[in-house]
Each structure stands twice: as C-alpha cells, then as structure tokens.
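As stored in run.txt (compact mmCIF, C-alpha atoms):
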```
# COMPACT_ATOMS: atom_id res chain seq x y z
CA ASP N 1 -4.80 215.50 61.26
CA ILE N 2 -2.08 212.84 61.23
CA GLN N 3 -0.51 212.33 57.82
CA MET N 4 1.02 209.00 56.75
CA THR N 5 3.85 208.99 54.21
CA GLN N 6 4.39 205.55 52.70
CA SER N 7 7.36 204.49 50.56
CA PRO N 8 8.12 203.33 48.01
CA ALA N 9 5.04 203.85 45.83
CA SER N 10 5.99 200.80 43.79
CA LEU N 11 8.43 197.99 44.18
CA SER N 12 9.70 195.19 41.96
CA ALA N 13 11.31 192.15 43.61
CA SER N 14 12.28 188.56 42.82
CA LEU N 15 10.85 185.39 44.32
CA GLY N 16 12.60 184.54 47.58
CA GLU N 17 13.79 188.10 48.11
CA THR N 18 13.17 190.12 51.30
CA VAL N 19 11.09 193.27 50.82
CA THR N 20 10.63 196.24 53.18
CA ILE N 21 7.92 198.91 52.99
CA GLU N 22 8.00 201.95 55.24
CA CYS N 23 5.52 204.40 56.70
CA ARG N 24 6.25 207.65 58.48
CA ALA N 25 3.64 209.41 60.58
CA SER N 26 3.52 213.19 60.94
CA GLU N 27 3.50 212.77 64.74
CA ASP N 28 3.97 210.01 67.31
CA ILE N 29 1.23 207.38 66.88
CA TYR N 30 2.35 205.17 69.81
CA ASN N 31 2.31 201.91 67.81
CA GLY N 32 -1.28 202.49 66.67
CA LEU N 33 -0.42 201.17 63.22
CA ALA N 34 -1.75 198.42 60.98
CA TRP N 35 -0.70 196.99 57.63
CA TYR N 36 -3.09 195.66 54.96
CA GLN N 37 -2.67 193.67 51.76
CA GLN N 38 -5.05 194.23 48.86
CA LYS N 39 -5.14 192.14 45.70
CA PRO N 40 -6.80 193.48 42.52
CA GLY N 41 -10.59 193.41 42.74
CA LYS N 42 -10.53 192.21 46.35
CA SER N 43 -11.10 193.73 49.78
CA PRO N 44 -8.10 194.69 51.93
CA GLN N 45 -6.88 192.04 54.36
CA LEU N 46 -5.32 192.82 57.73
CA LEU N 47 -1.72 191.61 58.11
CA ILE N 48 -0.31 193.39 61.18
CA TYR N 49 -1.84 195.44 64.01
CA ASN N 50 -0.30 197.31 66.95
CA ALA N 51 2.75 197.77 64.72
CA ASN N 52 4.12 194.26 65.23
CA SER N 53 1.29 191.80 66.02
CA LEU N 54 0.53 189.25 63.33
CA HIS N 55 -3.19 188.86 62.54
CA THR N 56 -4.67 185.37 62.75
CA GLY N 57 -3.83 183.21 59.76
CA VAL N 58 -1.21 185.54 58.27
CA PRO N 59 2.01 183.74 57.23
CA SER N 60 4.99 184.29 59.50
CA ARG N 61 7.07 185.67 56.61
CA PHE N 62 5.23 188.94 57.24
CA SER N 63 6.46 191.05 60.14
CA GLY N 64 6.04 194.60 61.38
CA SER N 65 8.32 196.82 63.40
CA GLY N 66 8.85 200.40 64.42
CA SER N 67 7.87 202.97 67.01
CA GLY N 68 7.15 206.66 67.36
CA THR N 69 6.74 208.00 63.85
CA GLN N 70 8.62 205.34 61.84
CA TYR N 71 7.22 201.91 60.96
CA SER N 72 8.01 199.17 58.49
CA LEU N 73 6.54 196.00 57.02
CA LYS N 74 8.95 193.23 56.04
CA ILE N 75 8.15 190.31 53.79
CA ASN N 76 10.71 187.51 53.98
CA SER N 77 11.17 185.03 51.15
CA LEU N 78 8.75 186.69 48.72
CA GLN N 79 6.13 184.36 47.23
CA SER N 80 4.11 184.84 44.02
CA GLU N 81 0.90 185.20 46.07
CA ASP N 82 2.39 188.27 47.78
CA VAL N 83 1.98 190.34 44.61
CA ALA N 84 -0.48 192.99 45.78
CA SER N 85 -0.80 196.53 47.05
CA TYR N 86 0.08 197.22 50.66
CA PHE N 87 -1.28 200.02 52.85
CA CYS N 88 -0.34 201.26 56.28
CA GLN N 89 -2.97 202.82 58.57
CA GLN N 90 -2.71 204.79 61.79
CA TYR N 91 -5.56 204.42 64.29
CA TYR N 92 -4.06 206.37 67.19
CA ASN N 93 -6.10 209.45 66.30
CA TYR N 94 -9.05 208.67 64.04
CA HIS N 95 -7.77 206.85 60.95
CA THR N 96 -5.38 207.71 58.15
CA PHE N 97 -4.05 205.43 55.45
CA GLY N 98 -0.80 205.64 53.57
CA ALA N 99 -1.01 206.05 49.79
CA GLY N 100 -0.01 202.43 49.21
CA THR N 101 2.84 200.39 47.74
CA LYS N 102 2.31 198.28 44.64
CA LEU N 103 4.49 195.17 44.81
CA GLU N 104 5.28 193.34 41.59
CA LEU N 105 7.52 190.44 40.64
CA LYS N 106 10.74 191.17 38.82
CA GLU P 1 -16.83 182.61 60.13
CA VAL P 2 -17.05 186.39 60.16
CA GLN P 3 -19.12 187.75 57.29
CA LEU P 4 -19.87 191.35 56.33
CA VAL P 5 -22.15 191.87 53.36
CA GLU P 6 -22.70 195.38 52.04
CA SER P 7 -25.61 196.42 49.86
CA GLY P 8 -27.29 199.54 48.49
CA GLY P 9 -24.68 200.93 46.13
CA VAL P 10 -26.09 202.31 42.87
CA LEU P 11 -25.71 205.10 40.32
CA VAL P 12 -27.16 208.33 41.71
CA GLN P 13 -27.23 211.96 40.59
CA PRO P 14 -25.29 214.65 42.46
CA GLY P 15 -27.26 216.14 45.34
CA ARG P 16 -29.35 213.01 45.88
CA SER P 17 -29.32 210.58 48.80
CA MET P 18 -28.52 206.91 49.29
CA LYS P 19 -28.39 204.49 52.20
CA LEU P 20 -25.91 201.64 52.46
CA SER P 21 -26.39 198.59 54.66
CA CYS P 22 -23.95 196.02 56.00
CA ALA P 23 -25.26 192.72 57.37
CA ALA P 24 -22.92 191.10 59.87
CA SER P 25 -22.69 187.50 61.02
CA GLY P 26 -20.26 185.10 62.66
CA PHE P 27 -19.34 187.35 65.59
CA THR P 28 -20.97 189.31 68.40
CA PHE P 29 -21.82 192.44 66.41
CA SER P 30 -22.82 194.50 69.45
CA SER P 31 -19.34 194.08 70.97
CA PHE P 32 -17.44 195.76 68.13
CA PRO P 33 -17.17 199.34 67.00
CA MET P 34 -17.80 199.47 63.25
CA ALA P 35 -16.62 201.66 60.42
CA TRP P 36 -17.04 202.54 56.76
CA VAL P 37 -13.96 202.88 54.55
CA ARG P 38 -14.10 203.88 50.89
CA GLN P 39 -11.85 203.54 47.88
CA ALA P 40 -12.26 205.65 44.76
CA PRO P 41 -11.51 203.83 41.48
CA THR P 42 -7.78 203.08 41.19
CA LYS P 43 -7.12 205.12 44.37
CA GLY P 44 -6.15 204.41 47.97
CA LEU P 45 -8.21 203.75 51.06
CA GLU P 46 -10.04 206.51 52.94
CA TRP P 47 -11.73 206.19 56.31
CA VAL P 48 -15.26 207.63 56.26
CA ALA P 49 -16.93 207.11 59.64
CA THR P 50 -16.88 205.05 62.84
CA ILE P 51 -19.59 204.18 65.35
CA SER P 52 -19.21 202.90 68.90
CA THR P 53 -20.63 199.60 70.11
CA SER P 54 -23.80 201.17 71.48
CA GLY P 55 -24.16 203.68 68.68
CA GLY P 56 -23.90 206.52 71.16
CA SER P 57 -20.69 207.93 69.66
CA THR P 58 -19.99 208.61 66.01
CA TYR P 59 -16.98 210.04 64.21
CA TYR P 60 -16.62 211.34 60.64
CA ARG P 61 -13.96 212.58 58.28
CA ASP P 62 -14.30 216.29 57.65
CA SER P 63 -15.39 215.98 54.02
CA VAL P 64 -18.55 214.02 54.92
CA LYS P 65 -19.51 215.71 58.21
CA GLY P 66 -23.05 217.02 58.04
CA ARG P 67 -23.81 214.95 54.92
CA PHE P 68 -23.28 211.33 56.03
CA THR P 69 -24.77 209.56 59.06
CA ILE P 70 -23.49 206.23 60.39
CA SER P 71 -25.85 204.14 62.50
CA ARG P 72 -26.33 200.58 63.65
CA ASP P 73 -29.07 198.18 64.74
CA ASN P 74 -27.50 195.69 67.14
CA ALA P 75 -30.70 193.60 67.25
CA LYS P 76 -30.39 193.07 63.49
CA SER P 77 -26.55 192.96 63.42
CA THR P 78 -26.64 195.61 60.72
CA LEU P 79 -24.58 198.73 60.06
CA TYR P 80 -25.85 201.63 57.96
CA LEU P 81 -24.51 204.69 56.17
CA GLN P 82 -27.01 207.36 55.17
CA MET P 83 -25.43 209.56 52.52
CA ASP P 84 -27.09 212.88 51.65
CA SER P 85 -26.09 215.71 49.28
CA LEU P 86 -23.88 213.33 47.35
CA ARG P 87 -21.01 214.72 45.28
CA SER P 88 -19.02 213.29 42.39
CA GLU P 89 -16.03 212.93 44.73
CA ASP P 90 -18.05 210.47 46.84
CA THR P 91 -17.84 207.96 43.99
CA ALA P 92 -16.10 204.91 45.44
CA THR P 93 -16.43 201.35 46.62
CA TYR P 94 -17.65 201.50 50.22
CA TYR P 95 -16.45 198.82 52.63
CA CYS P 96 -17.93 197.91 55.98
CA THR P 97 -15.27 196.93 58.51
CA THR P 98 -14.75 196.16 62.19
CA GLY P 99 -12.97 197.80 65.04
CA GLY P 100 -10.10 200.15 65.69
CA TRP P 101 -7.77 198.26 63.41
CA PHE P 102 -9.87 196.89 60.60
CA ALA P 103 -9.70 193.14 61.11
CA TYR P 104 -12.60 192.09 58.90
CA TRP P 105 -13.95 193.62 55.69
CA GLY P 106 -16.96 193.14 53.48
CA GLN P 107 -16.71 192.73 49.72
CA GLY P 108 -17.69 196.35 49.16
CA THR P 109 -20.53 198.09 47.34
CA LEU P 110 -19.96 200.57 44.50
CA VAL P 111 -21.47 204.02 44.78
CA THR P 112 -21.36 206.11 41.60
CA VAL P 113 -22.37 209.76 41.75
CA SER P 114 -22.85 211.14 38.27
CA SER P 115 -25.36 213.06 36.20
```

Translate this file's structure into structure tokens.
Amino acid sequence: DIQMTQSPASLSASLGETVTIECRASEDIYNGLAWYQQKPGKSPQLLIYNANSLHTGVPSRFSGSGSGTQYSLKINSLQSEDVASYFCQQYYNYHTFGAGTKLELK
Amino acid sequence: EVQLVESGGVLVQPGRSMKLSCAASGFTFSSFPMAWVRQAPTKGLEWVATISTSGGSTYYRDSVKGRFTISRDNAKSTLYLQMDSLRSEDTATYYCTTGGWFAYWGQGTLVTVSS
C-alpha cells in the first residue's frame, strides 16, 4: 500500500501570507495526486488534481506542484476563508489520503 | 449542478447490517466511476470502495473486504453501499463521491455502530 506523509499537521499564518503544505508518497505516484479543502462540518472540496491542475471554480491563489514522491500545495495571499483543513490524496494505486493539515489564522 | 445526496445512516449494533444510498443528479451518472469515502469523528479521510462505470469492477480497502459491497443502478442514478458485520471502528460519516480524483462530494451520512 502507498503511504502518504503530510506536513505540517497544523499551521498558523497571517492574512496575506503565503503558505505551503507538503505531501510525500512512499513510492512514485506519477502525479496521481489531489488536494482537498475541508471546512468544519462540511464535505471536502477538490482544489487540485493531477498534482498541478486547478479544479473548476477554485481561486488562482491555490497552486500545486511536485513530481515523483514529493508534492506541495501553495496558497498565495492567504484569505480568512482559507481557514480549513487540507488533505492530499494519491490515486495512482487505489486511494490513500494524508493525515491532514489544519490551517489557522495567526 | 452536480448533486450527490446520501441517505441510510443510523445507529446500529455491532454485527448488524446497513445499506447506504446515494442519489446522483446533474451529470451523466453512468459515465463516472463512483466511490465511498468515510471520516471517523475528528479524524481524517479514508477511502472505502470504488465501482466502475458499468458496475463490473469493484475495489475495497482491506478492512472492509468481505463485509461491504458497493453497487450501482445506472437507470436510477444511484450508488449503494451494503455494510454487513459492522464494527465499532466503522463508525464514521460516509461520503459518496465521483471518479478517480474525487471532484464532487455529497453532504455525508453518519453511521454509528454501538451497543
């Protein structure tokens, strides 16, 4: 099974700051990676798929990058509505999620 | 507008069975593989099962193999999850979702397994 190690587990940042969340896969997942945002009490929402493709309607301040086993999600110019938990997911071989990153405002 | 509406989640005793449903609308249901993902209270996301467009292929995480069955009725645009021999560790909100990457999600239905 492919394991996904996500870091950090929690993050505190200021409005307007740039934030980066990382995921490392236990083996090459060939860009089969997605990022999700989940707000308290709500369903997850897709942000990025294929490692760097922005899902329809997602603000351009969100971007994804990476290859092989290392991937990252960047949020430029942090907004108050970005306070949420973020999860990575590999879908190259079945599906595995990272443990999540809880993003709060400083 | 894509809509996925789950139903069927209740409180059930360990060892009993339950069937979840997910009614889909706003897209061509028969063209998309579908999946169930669950989330235990205050925990992360966990993939449960996936079914191909025709229903001919199904895939499960190891911990539910032999106990859960995913199925679909393309004529009714509905996805199902039959859950047998339920355990306390199956307690979670169950989400219905689309595709290889999970583009669209339902609101979830809470399954509680407890005596």

Of the listed residues P:Arg67, P:Val2, P:Gln107, P:Met34, that which approaches chain N most closely, counting all atoms listed in the file: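 So, comparing all the options, the nearest one is P:Gln107.
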
What separation in Å, quoted to one decimal, exists between atom CA of P:Phe68 and atom CA of N:Thr96? 18.4 Å

Report as CSV the residues of chain P within 12 Å of chain N, each with its shortest atom pair and distance in Å (one decimal), using all atoms listed in the file, ordered by chain and increasing residue number.
```
residue,atom,partner,partner_atom,distance
P:Leu4,CA,N:Ser43,CA,11.2
P:Val5,CA,N:Ser43,CA,11.8
P:Glu6,CA,N:Ser43,CA,11.9
P:Ala35,CA,N:His95,CA,10.3
P:Trp36,CA,N:His95,CA,11.0
P:Val37,CA,N:His95,CA,9.7
P:Arg38,CA,N:Ser43,CA,10.6
P:Gln39,CA,N:Ser43,CA,10.0
P:Pro41,CA,N:Gly41,CA,10.5
P:Thr42,CA,N:Pro40,CA,9.7
P:Lys43,CA,N:Ala99,CA,8.2
P:Gly44,CA,N:Ala99,CA,5.7
P:Leu45,CA,N:Phe97,CA,6.3
P:Glu46,CA,N:Phe97,CA,6.6
P:Trp47,CA,N:His95,CA,6.1
P:Val48,CA,N:His95,CA,8.9
P:Ala49,CA,N:Tyr94,CA,9.2
P:Thr50,CA,N:Tyr94,CA,8.7
P:Ile51,CA,N:Tyr94,CA,11.5
P:Thr58,CA,N:Tyr94,CA,11.1
P:Tyr59,CA,N:Tyr94,CA,8.0
P:Tyr60,CA,N:Tyr94,CA,8.7
P:Arg61,CA,N:Tyr94,CA,8.5
P:Asp62,CA,N:Asp1,CA,10.2
P:Thr93,CA,N:Ser43,CA,9.8
P:Tyr94,CA,N:Ser43,CA,10.2
P:Tyr95,CA,N:Ser43,CA,7.9
P:Cys96,CA,N:Ser43,CA,10.1
P:Thr97,CA,N:Pro44,CA,10.0
P:Thr98,CA,N:Leu46,CA,11.0
P:Gly99,CA,N:Tyr91,CA,10.0
P:Gly100,CA,N:Tyr91,CA,6.4
P:Trp101,CA,N:Ala34,CA,6.5
P:Phe102,CA,N:Leu46,CA,6.7
P:Ala103,CA,N:Leu46,CA,5.5
P:Tyr104,CA,N:Gln45,CA,7.3
P:Trp105,CA,N:Ser43,CA,6.6
P:Gly106,CA,N:Ser43,CA,7.0
P:Gln107,CA,N:Ser43,CA,5.7
P:Gly108,CA,N:Ser43,CA,7.1
P:Thr109,CA,N:Ser43,CA,10.7
P:Leu110,CA,N:Gly41,CA,11.9
```

With only C-alpha atoms as the basis for distance, which of P:Ala75, P:Ala92, P:Val111, P:Leu81 is at the shortest distance from P:Ala24?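 Of all the options, P:Ala75 lies closest to P:Ala24.
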
Please report the interatomic distance between atom CA of N:Ala9 and atom CA of N:Ile29 in Å with one decimal.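 Separating atom CA of N:Ala9 from atom CA of N:Ile29 is a distance of 21.7 Å.
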
When you look at N:Leu11 with a cut-off of 8 Å (counting all atoms listed in the file), what residues show up, excluding the ones that are within fewer than 3 positions of it in the same chain? I need them as an mmCIF file with C-alpha atoms, in the coordinates of the input.
```cif
data_model
loop_
_atom_site.group_PDB
_atom_site.id
_atom_site.type_symbol
_atom_site.label_atom_id
_atom_site.label_comp_id
_atom_site.auth_asym_id
_atom_site.auth_seq_id
_atom_site.Cartn_x
_atom_site.Cartn_y
_atom_site.Cartn_z
ATOM 1 C CA PRO N 8 8.120 203.330 48.010
ATOM 2 C CA THR N 101 2.840 200.390 47.740
ATOM 3 C CA LYS N 102 2.310 198.280 44.640
ATOM 4 C CA LEU N 103 4.490 195.170 44.810
ATOM 5 C CA GLU N 104 5.280 193.340 41.590
#
```

Which polymer residues, protein or nucleic acid, are no farther than 7 Å from (-24.2, 198.2, 64.9), counting only C-alpha atoms, as a list in words?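 Here is the list of nearby residues: Phe29, Ser30, Met34, Thr53, Gly55, Ser71, Arg72, Asp73, Asn74, Ser77, Thr78 and Leu79 of chain P.
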
File of the preceding selection, C-alpha atoms, as a PDB file, in the coordinates of the input:
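Contents of out_17.pdb, as written:
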```pdb
ATOM      1  CA  PHE P  29     -21.820 192.440  66.410  1.00  0.00           C
ATOM      2  CA  SER P  30     -22.820 194.500  69.450  1.00  0.00           C
ATOM      3  CA  MET P  34     -17.800 199.470  63.250  1.00  0.00           C
ATOM      4  CA  THR P  53     -20.630 199.600  70.110  1.00  0.00           C
ATOM      5  CA  GLY P  55     -24.160 203.680  68.680  1.00  0.00           C
ATOM      6  CA  SER P  71     -25.850 204.140  62.500  1.00  0.00           C
ATOM      7  CA  ARG P  72     -26.330 200.580  63.650  1.00  0.00           C
ATOM      8  CA  ASP P  73     -29.070 198.180  64.740  1.00  0.00           C
ATOM      9  CA  ASN P  74     -27.500 195.690  67.140  1.00  0.00           C
ATOM     10  CA  SER P  77     -26.550 192.960  63.420  1.00  0.00           C
ATOM     11  CA  THR P  78     -26.640 195.610  60.720  1.00  0.00           C
ATOM     12  CA  LEU P  79     -24.580 198.730  60.060  1.00  0.00           C
TER      13      LEU P  79
END
```

For a test of reading the model, state the distance in Å between atom CA of P:Ile70 and atom CA of N:Gln3, rounded to one decimal.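 Separation of atom CA of P:Ile70 and atom CA of N:Gln3: 23.9 Å.
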
I'd like the contact shell of stretch 63-79 of chain N - 7 Å cut-off, all atoms listed in the file, skipping same-chain residues fewer than 4 positions apart - returned as an MDAnalysis selection string. chainID N and resid 15:31 48 51:52 54

Adding 5 Å on each side of the box along x, y and z that holds all listed atoms of stretch 1-19 of chain P, could you give its centre and edge lengths in Å to one decimal, as lines of an AutoDock Vina configuration file?
```
center_x = -23.1
center_y = 199.4
center_z = 50.2
size_x = 22.5
size_y = 43.5
size_z = 29.8
```

Can you complete the atoms of stretch 51-73 of chain N to N, CA, C and O atoms and list them as a PDB file, keeping the file's coordinate frame?
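Wrote result_10.pdb, looks like this:
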```
ATOM      1  N   ALA N  51       1.420 197.617  65.309  1.00  0.00           N
ATOM      2  CA  ALA N  51       2.750 197.770  64.720  1.00  0.00           C
ATOM      3  C   ALA N  51       3.498 196.465  64.476  1.00  0.00           C
ATOM      4  O   ALA N  51       4.233 196.353  63.494  1.00  0.00           O
ATOM      5  N   ASN N  52       3.308 195.470  65.360  1.00  0.00           N
ATOM      6  CA  ASN N  52       4.120 194.260  65.230  1.00  0.00           C
ATOM      7  C   ASN N  52       3.391 192.965  65.559  1.00  0.00           C
ATOM      8  O   ASN N  52       4.030 191.908  65.667  1.00  0.00           O
ATOM      9  N   SER N  53       2.070 193.006  65.723  1.00  0.00           N
ATOM     10  CA  SER N  53       1.290 191.800  66.020  1.00  0.00           C
ATOM     11  C   SER N  53       0.715 191.207  64.742  1.00  0.00           C
ATOM     12  O   SER N  53       0.029 191.910  63.992  1.00  0.00           O
ATOM     13  N   LEU N  54       0.976 189.931  64.535  1.00  0.00           N
ATOM     14  CA  LEU N  54       0.530 189.250  63.330  1.00  0.00           C
ATOM     15  C   LEU N  54      -0.938 188.843  63.473  1.00  0.00           C
ATOM     16  O   LEU N  54      -1.316 188.193  64.456  1.00  0.00           O
ATOM     17  N   HIS N  55      -1.768 189.228  62.516  1.00  0.00           N
ATOM     18  CA  HIS N  55      -3.190 188.860  62.540  1.00  0.00           C
ATOM     19  C   HIS N  55      -3.330 187.355  62.323  1.00  0.00           C
ATOM     20  O   HIS N  55      -2.504 186.724  61.653  1.00  0.00           O
ATOM     21  N   THR N  56      -4.386 186.800  62.864  1.00  0.00           N
ATOM     22  CA  THR N  56      -4.670 185.370  62.750  1.00  0.00           C
ATOM     23  C   THR N  56      -4.634 184.898  61.302  1.00  0.00           C
ATOM     24  O   THR N  56      -5.253 185.486  60.413  1.00  0.00           O
ATOM     25  N   GLY N  57      -3.869 183.818  61.073  1.00  0.00           N
ATOM     26  CA  GLY N  57      -3.830 183.210  59.760  1.00  0.00           C
ATOM     27  C   GLY N  57      -2.845 183.820  58.781  1.00  0.00           C
ATOM     28  O   GLY N  57      -2.680 183.308  57.667  1.00  0.00           O
ATOM     29  N   VAL N  58      -2.174 184.889  59.171  1.00  0.00           N
ATOM     30  CA  VAL N  58      -1.210 185.540  58.270  1.00  0.00           C
ATOM     31  C   VAL N  58       0.123 184.796  58.356  1.00  0.00           C
ATOM     32  O   VAL N  58       0.610 184.523  59.453  1.00  0.00           O
ATOM     33  N   PRO N  59       0.733 184.481  57.209  1.00  0.00           N
ATOM     34  CA  PRO N  59       2.010 183.740  57.230  1.00  0.00           C
ATOM     35  C   PRO N  59       3.101 184.472  57.998  1.00  0.00           C
ATOM     36  O   PRO N  59       3.177 185.709  57.975  1.00  0.00           O
ATOM     37  N   SER N  60       3.961 183.709  58.640  1.00  0.00           N
ATOM     38  CA  SER N  60       4.990 184.290  59.500  1.00  0.00           C
ATOM     39  C   SER N  60       6.096 185.001  58.716  1.00  0.00           C
ATOM     40  O   SER N  60       6.951 185.658  59.319  1.00  0.00           O
ATOM     41  N   ARG N  61       6.081 184.909  57.387  1.00  0.00           N
ATOM     42  CA  ARG N  61       7.070 185.670  56.610  1.00  0.00           C
ATOM     43  C   ARG N  61       6.772 187.172  56.628  1.00  0.00           C
ATOM     44  O   ARG N  61       7.610 187.983  56.244  1.00  0.00           O
ATOM     45  N   PHE N  62       5.575 187.528  57.075  1.00  0.00           N
ATOM     46  CA  PHE N  62       5.230 188.940  57.240  1.00  0.00           C
ATOM     47  C   PHE N  62       5.564 189.376  58.671  1.00  0.00           C
ATOM     48  O   PHE N  62       5.235 188.672  59.630  1.00  0.00           O
ATOM     49  N   SER N  63       6.195 190.529  58.807  1.00  0.00           N
ATOM     50  CA  SER N  63       6.460 191.050  60.140  1.00  0.00           C
ATOM     51  C   SER N  63       6.429 192.577  60.112  1.00  0.00           C
ATOM     52  O   SER N  63       6.680 193.201  59.077  1.00  0.00           O
ATOM     53  N   GLY N  64       6.091 193.158  61.255  1.00  0.00           N
ATOM     54  CA  GLY N  64       6.040 194.600  61.380  1.00  0.00           C
ATOM     55  C   GLY N  64       6.943 195.058  62.507  1.00  0.00           C
ATOM     56  O   GLY N  64       7.152 194.335  63.480  1.00  0.00           O
ATOM     57  N   SER N  65       7.468 196.263  62.361  1.00  0.00           N
ATOM     58  CA  SER N  65       8.320 196.820  63.400  1.00  0.00           C
ATOM     59  C   SER N  65       8.210 198.343  63.385  1.00  0.00           C
ATOM     60  O   SER N  65       7.594 198.922  62.476  1.00  0.00           O
ATOM     61  N   GLY N  66       8.817 198.950  64.367  1.00  0.00           N
ATOM     62  CA  GLY N  66       8.850 200.400  64.420  1.00  0.00           C
ATOM     63  C   GLY N  66       8.287 200.952  65.704  1.00  0.00           C
ATOM     64  O   GLY N  66       7.769 200.216  66.558  1.00  0.00           O
ATOM     65  N   SER N  67       8.405 202.257  65.851  1.00  0.00           N
ATOM     66  CA  SER N  67       7.870 202.970  67.010  1.00  0.00           C
ATOM     67  C   SER N  67       7.857 204.453  66.694  1.00  0.00           C
ATOM     68  O   SER N  67       8.466 204.895  65.701  1.00  0.00           O
ATOM     69  N   GLY N  68       7.183 205.210  67.550  1.00  0.00           N
ATOM     70  CA  GLY N  68       7.150 206.660  67.360  1.00  0.00           C
ATOM     71  C   GLY N  68       6.479 207.057  66.057  1.00  0.00           C
ATOM     72  O   GLY N  68       5.270 206.894  65.905  1.00  0.00           O
ATOM     73  N   THR N  69       7.278 207.557  65.135  1.00  0.00           N
ATOM     74  CA  THR N  69       6.740 208.000  63.850  1.00  0.00           C
ATOM     75  C   THR N  69       7.175 207.117  62.682  1.00  0.00           C
ATOM     76  O   THR N  69       6.703 207.302  61.562  1.00  0.00           O
ATOM     77  N   GLN N  70       8.069 206.148  62.926  1.00  0.00           N
ATOM     78  CA  GLN N  70       8.620 205.340  61.840  1.00  0.00           C
ATOM     79  C   GLN N  70       8.269 203.870  61.989  1.00  0.00           C
ATOM     80  O   GLN N  70       8.564 203.260  63.020  1.00  0.00           O
ATOM     81  N   TYR N  71       7.664 203.305  60.926  1.00  0.00           N
ATOM     82  CA  TYR N  71       7.220 201.910  60.960  1.00  0.00           C
ATOM     83  C   TYR N  71       7.559 201.227  59.650  1.00  0.00           C
ATOM     84  O   TYR N  71       7.687 201.892  58.613  1.00  0.00           O
ATOM     85  N   SER N  72       7.702 199.901  59.714  1.00  0.00           N
ATOM     86  CA  SER N  72       8.010 199.170  58.490  1.00  0.00           C
ATOM     87  C   SER N  72       7.335 197.803  58.482  1.00  0.00           C
ATOM     88  O   SER N  72       7.060 197.214  59.534  1.00  0.00           O
ATOM     89  N   LEU N  73       7.068 197.340  57.277  1.00  0.00           N
ATOM     90  CA  LEU N  73       6.540 196.000  57.020  1.00  0.00           C
ATOM     91  C   LEU N  73       7.608 195.247  56.238  1.00  0.00           C
ATOM     92  O   LEU N  73       8.123 195.756  55.234  1.00  0.00           O
TER      93      LEU N  73
END
```
